[in-house]
Amino acid sequence: MGDAHRIGVVGLGVISRAYLDTLAGRAAVRVTAVADLDTSRSAAAAAELPGVRALTVEELLSSPDVDTVLNLTTPAAHAAIALGAVGHGKNVYGEKPLAATLADAHTVIDAAAQAGVGVGCAPDTVLGTGVQTARAAVEAGSIGRPLFASAVMVTPGHERWHPQPDFYYTAGGGPLLDMGPYYLTALVHLLGPVRAVIGAAGRLRTERVIGSGPRAGERIPVEVDSHVSGVLEHVNGTLTTLTTSFDGVATTAAPIEVHGETGTLSVPDPNRFDGEVRLHPLGDTRWHTLPVSAGYEDGARGVGLLDFVAAGGQRANGELALHVLETMTALLRSSAEGRRIELTTSARVPAPVPLTPARSWRDRATPSPA
């Protein structure tokens with residue numbers, strides 16, 4: 001355990017439980033400290049994890065017992081925490097998006113490069129068997145040359161289930177910046193980076209009603225667009241139509257479909273690690289479910305951080321997160337300005353994930369706490 005990579009977690013909201021469950025007891029990494037503005041949260045988390053200290057945010061960022069800061073704060077705080085970690089010579093791996101604004105994201109990437117530390121960023125769901133099996137099929141030529149794709153995310157809004165949903169409707173939130181990273185990151189894996197976008201967006205409701213928890217019935221303001229559509233021009237010439245909405249009830253559309261010269265591929269929800277990948281070859285009359293052929297089996301939140309530590313940030317990396325963020329903010333700019341926007345960033349397509357059995361990456365030095 002002395003050689004384990006040491007992780008300090010900042011932000012102990014809803015998503016932190018999934019990360020801590022994945023990281024606890026690993027041989028390769030060790031959670032050494034936790035911090036939250038709500039000190040009762042950090043005390044409770046530390047009490048569940050042997051050897052973990054509850055610190056203030058500043059104490060954690062400067063702690064000599066932390067190699068990488070896992071940033072699970074709300075989007076508005078992503079850049080500040082990342083810069084604090086980088087300023088103390090630490091790597092940072094954060095929840096998506098990389099920052100609430102493109103300017104802040106550039107600042108984080110530039111500061112990390114100058115300090116010689118790494119930046120990683122969710123989503124890591126795209127490293128699971130769903131998207132990776134689909135990517136393997138595309139790269140094997142199962143649909144021939146890809147021509148165009150569609151990506152659809154429709155939900156009535158997270159306020160129906162999240163007890164503290166305010167940040168979903170403020171800067172850094174909305175359906176595109178919240179859910180778009182899953183879809184856009186998957187699309188880069190499948191089709192490569194984006195060179196230009198055209199977008200349209202709207203906000204038909206100025207308030208939302210919290211549906212669960214102690215604040216149920218409370219109205220919160222909507223400060224961002226709640227429905228965003230657009231067209232992505234990929235560098236390789238393919239086109240993707242994208243819809244992300246907090247205004248719909250349901251949809252029958254596949255999360256992602258990739259259409260090629262000799263077939264169509266149905267890709268499962270990129271917010272999940274698994275799911276069926278289906279192929280409809282040209283001239284056939286039915287869909288065929290493809291066998292799992294790539295990705296982390298039985299993936300869970302945090303596998304991207306384990307990959308970041310083990311593979312030196314090859315996959316869930318800051319360059320990709322910056323490109324995804326620019327793609328999203330460019331869609332919003334395009335909507336506001338009524339014009340096509342060319343991107344200034346690009347990203348290398350991350351290395352594919354070979355089929356990795358759960359027992360290989362879920363190694364535990366000690367049992368996970370109950």
# chains A, B, ... in the order shown; residues from 1 in each chain; ligands from 1
$ closest_atom_pairs --of "stretch 246-356 of chain A" --to "stretch 13-20 of chain A" --cutoff "9 Å" --atoms "only C-alpha atoms" --output "CSV"
residue,atom,partner,partner_atom,distance
A:Ala300,CA,A:Ala18,CA,7.4
A:Arg301,CA,A:Tyr19,CA,5.3
A:Gly302,CA,A:Tyr19,CA,5.0
A:Val303,CA,A:Tyr19,CA,8.5
$ write_last_selection --atoms "N, CA, C and O atoms" --output "mmCIF file, in the first residue's frame"
data_model
loop_
_atom_site.group_PDB
_atom_site.id
_atom_site.type_symbol
_atom_site.label_atom_id
_atom_site.label_comp_id
_atom_site.auth_asym_id
_atom_site.auth_seq_id
_atom_site.Cartn_x
_atom_site.Cartn_y
_atom_site.Cartn_z
ATOM 1 N N ALA A 300 -17.667 1.177 -13.579
ATOM 2 C CA ALA A 300 -18.320 2.002 -12.567
ATOM 3 C C ALA A 300 -17.587 3.330 -12.483
ATOM 4 O O ALA A 300 -16.412 3.444 -12.856
ATOM 5 N N ARG A 301 -18.279 4.377 -11.994
ATOM 6 C CA ARG A 301 -17.654 5.689 -11.851
ATOM 7 C C ARG A 301 -16.355 5.557 -11.072
ATOM 8 O O ARG A 301 -16.316 4.947 -10.002
ATOM 9 N N GLY A 302 -15.315 6.118 -11.647
ATOM 10 C CA GLY A 302 -14.005 6.026 -11.042
ATOM 11 C C GLY A 302 -13.039 5.170 -11.837
ATOM 12 O O GLY A 302 -11.821 5.282 -11.651
ATOM 13 N N VAL A 303 -13.555 4.339 -12.748
ATOM 14 C CA VAL A 303 -12.653 3.524 -13.560
ATOM 15 C C VAL A 303 -11.784 4.417 -14.440
ATOM 16 O O VAL A 303 -10.633 4.089 -14.740
#
$ select_by_dssp --residues "stretch 71-257 of chain A" --states "alpha helix (DSSP H)" --output "PyMOL selection string"
chain A and resi 75-87+102-115+129-139+174-191
$ select_by_dssp --residues "stretch 108-183 of chain A" --states "strand (DSSP E)" --output "JSON, numbers by chain"
{"A": [119, 120, 121, 146, 147, 148, 149, 150, 151, 152, 153, 154]}
$ residues_around --residues "stretch 150-161 of chain A" --least-positions-apart "4" --cutoff "7 Å" --atoms "only C-alpha atoms" --output "PyMOL selection string"
chain A and resi 165+183+209-212+240-251+253-258
$ write_last_selection --atoms "C-alpha atoms" --output "short mmCIF file (atom, residue, chain, number, x, y, z; two decimals), in the first residue's frame"
data_model
loop_
_atom_site.label_atom_id
_atom_site.label_comp_id
_atom_site.auth_asym_id
_atom_site.auth_seq_id
_atom_site.Cartn_x
_atom_site.Cartn_y
_atom_site.Cartn_z
CA PRO A 165 -30.87 20.54 -8.45
CA TYR A 183 -22.61 12.00 -25.93
CA VAL A 209 -40.15 22.77 -9.12
CA ILE A 210 -38.03 20.46 -6.95
CA GLY A 211 -39.70 17.06 -6.82
CA SER A 212 -37.93 15.26 -3.97
CA THR A 240 -23.88 14.44 -36.36
CA THR A 241 -27.27 15.86 -35.42
CA LEU A 242 -27.47 16.39 -31.66
CA THR A 243 -30.44 17.01 -29.36
CA THR A 244 -30.15 17.51 -25.60
CA SER A 245 -33.26 18.51 -23.67
CA PHE A 246 -34.61 18.95 -20.16
CA ASP A 247 -38.00 19.75 -21.73
CA GLY A 248 -39.25 16.40 -23.05
CA VAL A 249 -41.00 13.51 -21.32
CA ALA A 250 -39.56 10.55 -23.23
CA THR A 251 -38.17 9.45 -26.58
CA ALA A 253 -34.81 7.45 -30.40
CA ALA A 254 -31.61 5.50 -29.90
CA PRO A 255 -29.10 7.43 -27.76
CA ILE A 256 -26.62 7.33 -30.66
CA GLU A 257 -26.88 5.89 -34.16
CA VAL A 258 -23.99 5.82 -36.61
#
$ residues_around --residues "stretch 342-352 of chain A" --least-positions-apart "3" --cutoff "6 Å" --atoms "only C-alpha atoms" --output "number ranges by chain"
A: 189, 192-193, 195-196, 315, 319-320, 323
$ closest_residue --among "A:Tyr296, A:Tyr93, A:Trp287, A:Phe167" --to "A:Asn317" --atoms "only C-alpha atoms"
A:Tyr93
$ closest_residue --among "A:Met328, A:Ala45, A:Leu322, A:Leu232" --to "A:Ala105" --atoms "only C-alpha atoms"
A:Leu322
$ residues_around --residues "A:Thr68" --least-positions-apart "6" --cutoff "8 Å" --atoms "only C-alpha atoms" --output "list in words"
His5, Arg6, Ile7, Gly8, Ala85, Lys90, Asn91, Val92 and Tyr93 of chain A
$ write_last_selection --atoms "N, CA, C and O atoms" --output "PDB file, in the first residue's frame"
ATOM      1  N   HIS A   5      -1.044   5.145  -5.364  1.00  0.00           N
ATOM      2  CA  HIS A   5      -1.249   6.542  -5.747  1.00  0.00           C
ATOM      3  C   HIS A   5      -2.293   7.137  -4.816  1.00  0.00           C
ATOM      4  O   HIS A   5      -3.395   6.605  -4.666  1.00  0.00           O
ATOM      5  N   ARG A   6      -1.990   8.284  -4.221  1.00  0.00           N
ATOM      6  CA  ARG A   6      -2.828   8.843  -3.158  1.00  0.00           C
ATOM      7  C   ARG A   6      -3.836   9.849  -3.718  1.00  0.00           C
ATOM      8  O   ARG A   6      -3.454  10.799  -4.418  1.00  0.00           O
ATOM      9  N   ILE A   7      -5.101   9.635  -3.374  1.00  0.00           N
ATOM     10  CA  ILE A   7      -6.207  10.440  -3.895  1.00  0.00           C
ATOM     11  C   ILE A   7      -6.838  11.251  -2.768  1.00  0.00           C
ATOM     12  O   ILE A   7      -7.138  10.728  -1.692  1.00  0.00           O
ATOM     13  N   GLY A   8      -7.062  12.546  -3.038  1.00  0.00           N
ATOM     14  CA  GLY A   8      -7.832  13.384  -2.136  1.00  0.00           C
ATOM     15  C   GLY A   8      -9.108  13.811  -2.834  1.00  0.00           C
ATOM     16  O   GLY A   8      -9.057  14.273  -3.982  1.00  0.00           O
ATOM     17  N   ALA A  85      -5.409  22.743  -6.992  1.00  0.00           N
ATOM     18  CA  ALA A  85      -4.635  21.499  -6.998  1.00  0.00           C
ATOM     19  C   ALA A  85      -3.359  21.674  -7.813  1.00  0.00           C
ATOM     20  O   ALA A  85      -2.254  21.324  -7.369  1.00  0.00           O
ATOM     21  N   LYS A  90      -0.189  19.242  -7.869  1.00  0.00           N
ATOM     22  CA  LYS A  90      -0.923  17.978  -7.886  1.00  0.00           C
ATOM     23  C   LYS A  90      -1.666  17.780  -9.207  1.00  0.00           C
ATOM     24  O   LYS A  90      -2.113  18.741  -9.832  1.00  0.00           O
ATOM     25  N   ASN A  91      -1.796  16.524  -9.608  1.00  0.00           N
ATOM     26  CA  ASN A  91      -2.683  16.199 -10.711  1.00  0.00           C
ATOM     27  C   ASN A  91      -4.113  16.457 -10.275  1.00  0.00           C
ATOM     28  O   ASN A  91      -4.432  16.441  -9.074  1.00  0.00           O
ATOM     29  N   VAL A  92      -4.996  16.648 -11.249  1.00  0.00           N
ATOM     30  CA  VAL A  92      -6.412  16.806 -10.926  1.00  0.00           C
ATOM     31  C   VAL A  92      -7.238  15.996 -11.909  1.00  0.00           C
ATOM     32  O   VAL A  92      -6.959  15.972 -13.115  1.00  0.00           O
ATOM     33  N   TYR A  93      -8.225  15.287 -11.378  1.00  0.00           N
ATOM     34  CA  TYR A  93      -9.182  14.552 -12.190  1.00  0.00           C
ATOM     35  C   TYR A  93     -10.563  14.993 -11.715  1.00  0.00           C
ATOM     36  O   TYR A  93     -10.861  14.906 -10.515  1.00  0.00           O
TER      37      TYR A  93
END
$ closest_residue --among "A:Pro50, A:Gly313, A:Gly11, A:Gly87" --to "A:Leu72" --atoms "only C-alpha atoms"
A:Gly11
$ residues_around --residues "stretch 270-279 of chain A" --least-positions-apart "3" --cutoff "9 Å" --atoms "only C-alpha atoms" --output "count of residues only"
40
$ closest_atom_pairs --of "stretch 294-364 of chain A" --to "stretch 99-104 of chain A" --cutoff "9 Å" --atoms "only C-alpha atoms" --output "CSV"
residue,atom,partner,partner_atom,distance
A:Leu322,CA,A:Leu102,CA,7.6
A:Leu325,CA,A:Leu102,CA,6.6
A:Glu326,CA,A:Leu102,CA,6.2
A:Thr329,CA,A:Leu102,CA,7.1
$ residues_around --residues "A:Leu60" --least-positions-apart "4" --cutoff "9 Å" --atoms "only C-alpha atoms" --output "ChimeraX atom specification"
/A:8-10,33-35,54-56,64-66,69,85
$ atom_distance --atom1 "atom CA of A:Asp36" --atom2 "atom CA of A:Leu306"
22.2 Å
$ closest_residue --among "A:Glu233, A:Asp269, A:Asp307, A:Asp3" --to "A:Ile341" --atoms "only C-alpha atoms"
A:Glu233
$ closest_residue --among "A:Lys96, A:Arg339, A:His227, A:Arg333" --to "A:Pro181" --atoms "only C-alpha atoms"
A:Lys96
$ closest_residue --among "A:Thr356, A:Thr327, A:Thr262, A:Ser334" --to "A:Gly199" --atoms "only C-alpha atoms"
A:Ser334
$ atom_distance --atom1 "atom CA of A:Ala316" --atom2 "atom CA of A:Asp38"
28.5 Å
$ decode --residues "stretch 3-15 of chain A" --atoms "all heavy atoms" --output "mmCIF file, in the first residue's frame"
data_model
loop_
_atom_site.group_PDB
_atom_site.id
_atom_site.type_symbol
_atom_site.label_atom_id
_atom_site.label_comp_id
_atom_site.auth_asym_id
_atom_site.auth_seq_id
_atom_site.Cartn_x
_atom_site.Cartn_y
_atom_site.Cartn_z
ATOM 1 N N ASP A 3 3.123 2.149 -1.975
ATOM 2 C CA ASP A 3 3.332 2.660 -3.315
ATOM 3 C C ASP A 3 2.036 3.067 -3.996
ATOM 4 O O ASP A 3 2.042 3.447 -5.168
ATOM 5 C CB ASP A 3 4.038 1.609 -4.178
ATOM 6 C CG ASP A 3 5.448 1.322 -3.675
ATOM 7 O OD1 ASP A 3 6.079 2.247 -3.132
ATOM 8 O OD2 ASP A 3 5.894 0.169 -3.829
ATOM 9 N N ALA A 4 0.918 2.970 -3.325
ATOM 10 C CA ALA A 4 -0.367 3.314 -3.929
ATOM 11 C C ALA A 4 -0.423 4.806 -4.242
ATOM 12 O O ALA A 4 0.095 5.637 -3.496
ATOM 13 C CB ALA A 4 -1.512 2.931 -2.999
ATOM 14 N N HIS A 5 -1.044 5.145 -5.364
ATOM 15 C CA HIS A 5 -1.249 6.542 -5.747
ATOM 16 C C HIS A 5 -2.293 7.137 -4.816
ATOM 17 O O HIS A 5 -3.395 6.605 -4.666
ATOM 18 C CB HIS A 5 -1.716 6.595 -7.198
ATOM 19 C CG HIS A 5 -1.696 7.960 -7.791
ATOM 20 N ND1 HIS A 5 -0.595 8.470 -8.445
ATOM 21 C CD2 HIS A 5 -2.651 8.938 -7.834
ATOM 22 C CE1 HIS A 5 -0.871 9.691 -8.873
ATOM 23 N NE2 HIS A 5 -2.091 9.997 -8.506
ATOM 24 N N ARG A 6 -1.990 8.284 -4.221
ATOM 25 C CA ARG A 6 -2.828 8.843 -3.158
ATOM 26 C C ARG A 6 -3.836 9.849 -3.718
ATOM 27 O O ARG A 6 -3.454 10.799 -4.418
ATOM 28 C CB ARG A 6 -1.941 9.488 -2.099
ATOM 29 C CG ARG A 6 -1.000 8.497 -1.421
ATOM 30 C CD ARG A 6 0.092 9.186 -0.645
ATOM 31 N NE ARG A 6 0.920 10.036 -1.497
ATOM 32 C CZ ARG A 6 1.939 10.767 -1.042
ATOM 33 N NH1 ARG A 6 2.244 10.757 0.236
ATOM 34 N NH2 ARG A 6 2.635 11.518 -1.886
ATOM 35 N N ILE A 7 -5.101 9.635 -3.374
ATOM 36 C CA ILE A 7 -6.207 10.440 -3.895
ATOM 37 C C ILE A 7 -6.838 11.251 -2.768
ATOM 38 O O ILE A 7 -7.138 10.728 -1.692
ATOM 39 C CB ILE A 7 -7.297 9.545 -4.523
ATOM 40 C CG1 ILE A 7 -6.700 8.603 -5.568
ATOM 41 C CG2 ILE A 7 -8.418 10.398 -5.107
ATOM 42 C CD1 ILE A 7 -6.128 9.282 -6.773
ATOM 43 N N GLY A 8 -7.062 12.546 -3.038
ATOM 44 C CA GLY A 8 -7.832 13.384 -2.136
ATOM 45 C C GLY A 8 -9.108 13.811 -2.834
ATOM 46 O O GLY A 8 -9.057 14.273 -3.982
ATOM 47 N N VAL A 9 -10.241 13.633 -2.194
ATOM 48 C CA VAL A 9 -11.540 13.896 -2.811
ATOM 49 C C VAL A 9 -12.105 15.213 -2.289
ATOM 50 O O VAL A 9 -12.275 15.387 -1.077
ATOM 51 C CB VAL A 9 -12.542 12.760 -2.521
ATOM 52 C CG1 VAL A 9 -13.872 13.019 -3.243
ATOM 53 C CG2 VAL A 9 -11.961 11.409 -2.931
ATOM 54 N N VAL A 10 -12.411 16.132 -3.200
ATOM 55 C CA VAL A 10 -13.051 17.401 -2.838
ATOM 56 C C VAL A 10 -14.457 17.393 -3.418
ATOM 57 O O VAL A 10 -14.645 17.261 -4.629
ATOM 58 C CB VAL A 10 -12.273 18.609 -3.394
ATOM 59 C CG1 VAL A 10 -12.991 19.911 -3.022
ATOM 60 C CG2 VAL A 10 -10.850 18.617 -2.862
ATOM 61 N N GLY A 11 -15.458 17.531 -2.550
ATOM 62 C CA GLY A 11 -16.856 17.512 -2.976
ATOM 63 C C GLY A 11 -17.479 16.161 -2.686
ATOM 64 O O GLY A 11 -17.113 15.161 -3.319
ATOM 65 N N LEU A 12 -18.397 16.111 -1.743
ATOM 66 C CA LEU A 12 -18.952 14.833 -1.294
ATOM 67 C C LEU A 12 -20.468 14.791 -1.472
ATOM 68 O O LEU A 12 -21.205 14.357 -0.595
ATOM 69 C CB LEU A 12 -18.563 14.589 0.167
ATOM 70 C CG LEU A 12 -17.045 14.450 0.368
ATOM 71 C CD1 LEU A 12 -16.684 14.546 1.832
ATOM 72 C CD2 LEU A 12 -16.534 13.146 -0.229
ATOM 73 N N GLY A 13 -20.905 15.244 -2.656
ATOM 74 C CA GLY A 13 -22.321 15.198 -2.982
ATOM 75 C C GLY A 13 -22.757 13.825 -3.445
ATOM 76 O O GLY A 13 -22.101 12.810 -3.177
ATOM 77 N N VAL A 14 -23.854 13.791 -4.197
ATOM 78 C CA VAL A 14 -24.493 12.536 -4.586
ATOM 79 C C VAL A 14 -23.532 11.607 -5.325
ATOM 80 O O VAL A 14 -23.464 10.404 -5.048
ATOM 81 C CB VAL A 14 -25.738 12.821 -5.454
ATOM 82 C CG1 VAL A 14 -26.327 11.529 -5.992
ATOM 83 C CG2 VAL A 14 -26.791 13.581 -4.635
ATOM 84 N N ILE A 15 -22.758 12.130 -6.274
ATOM 85 C CA ILE A 15 -21.932 11.278 -7.125
ATOM 86 C C ILE A 15 -20.726 10.716 -6.392
ATOM 87 O O ILE A 15 -20.135 9.712 -6.811
ATOM 88 C CB ILE A 15 -21.479 12.059 -8.383
ATOM 89 C CG1 ILE A 15 -20.960 11.107 -9.464
ATOM 90 C CG2 ILE A 15 -20.405 13.079 -8.018
ATOM 91 C CD1 ILE A 15 -22.000 10.173 -10.007
#
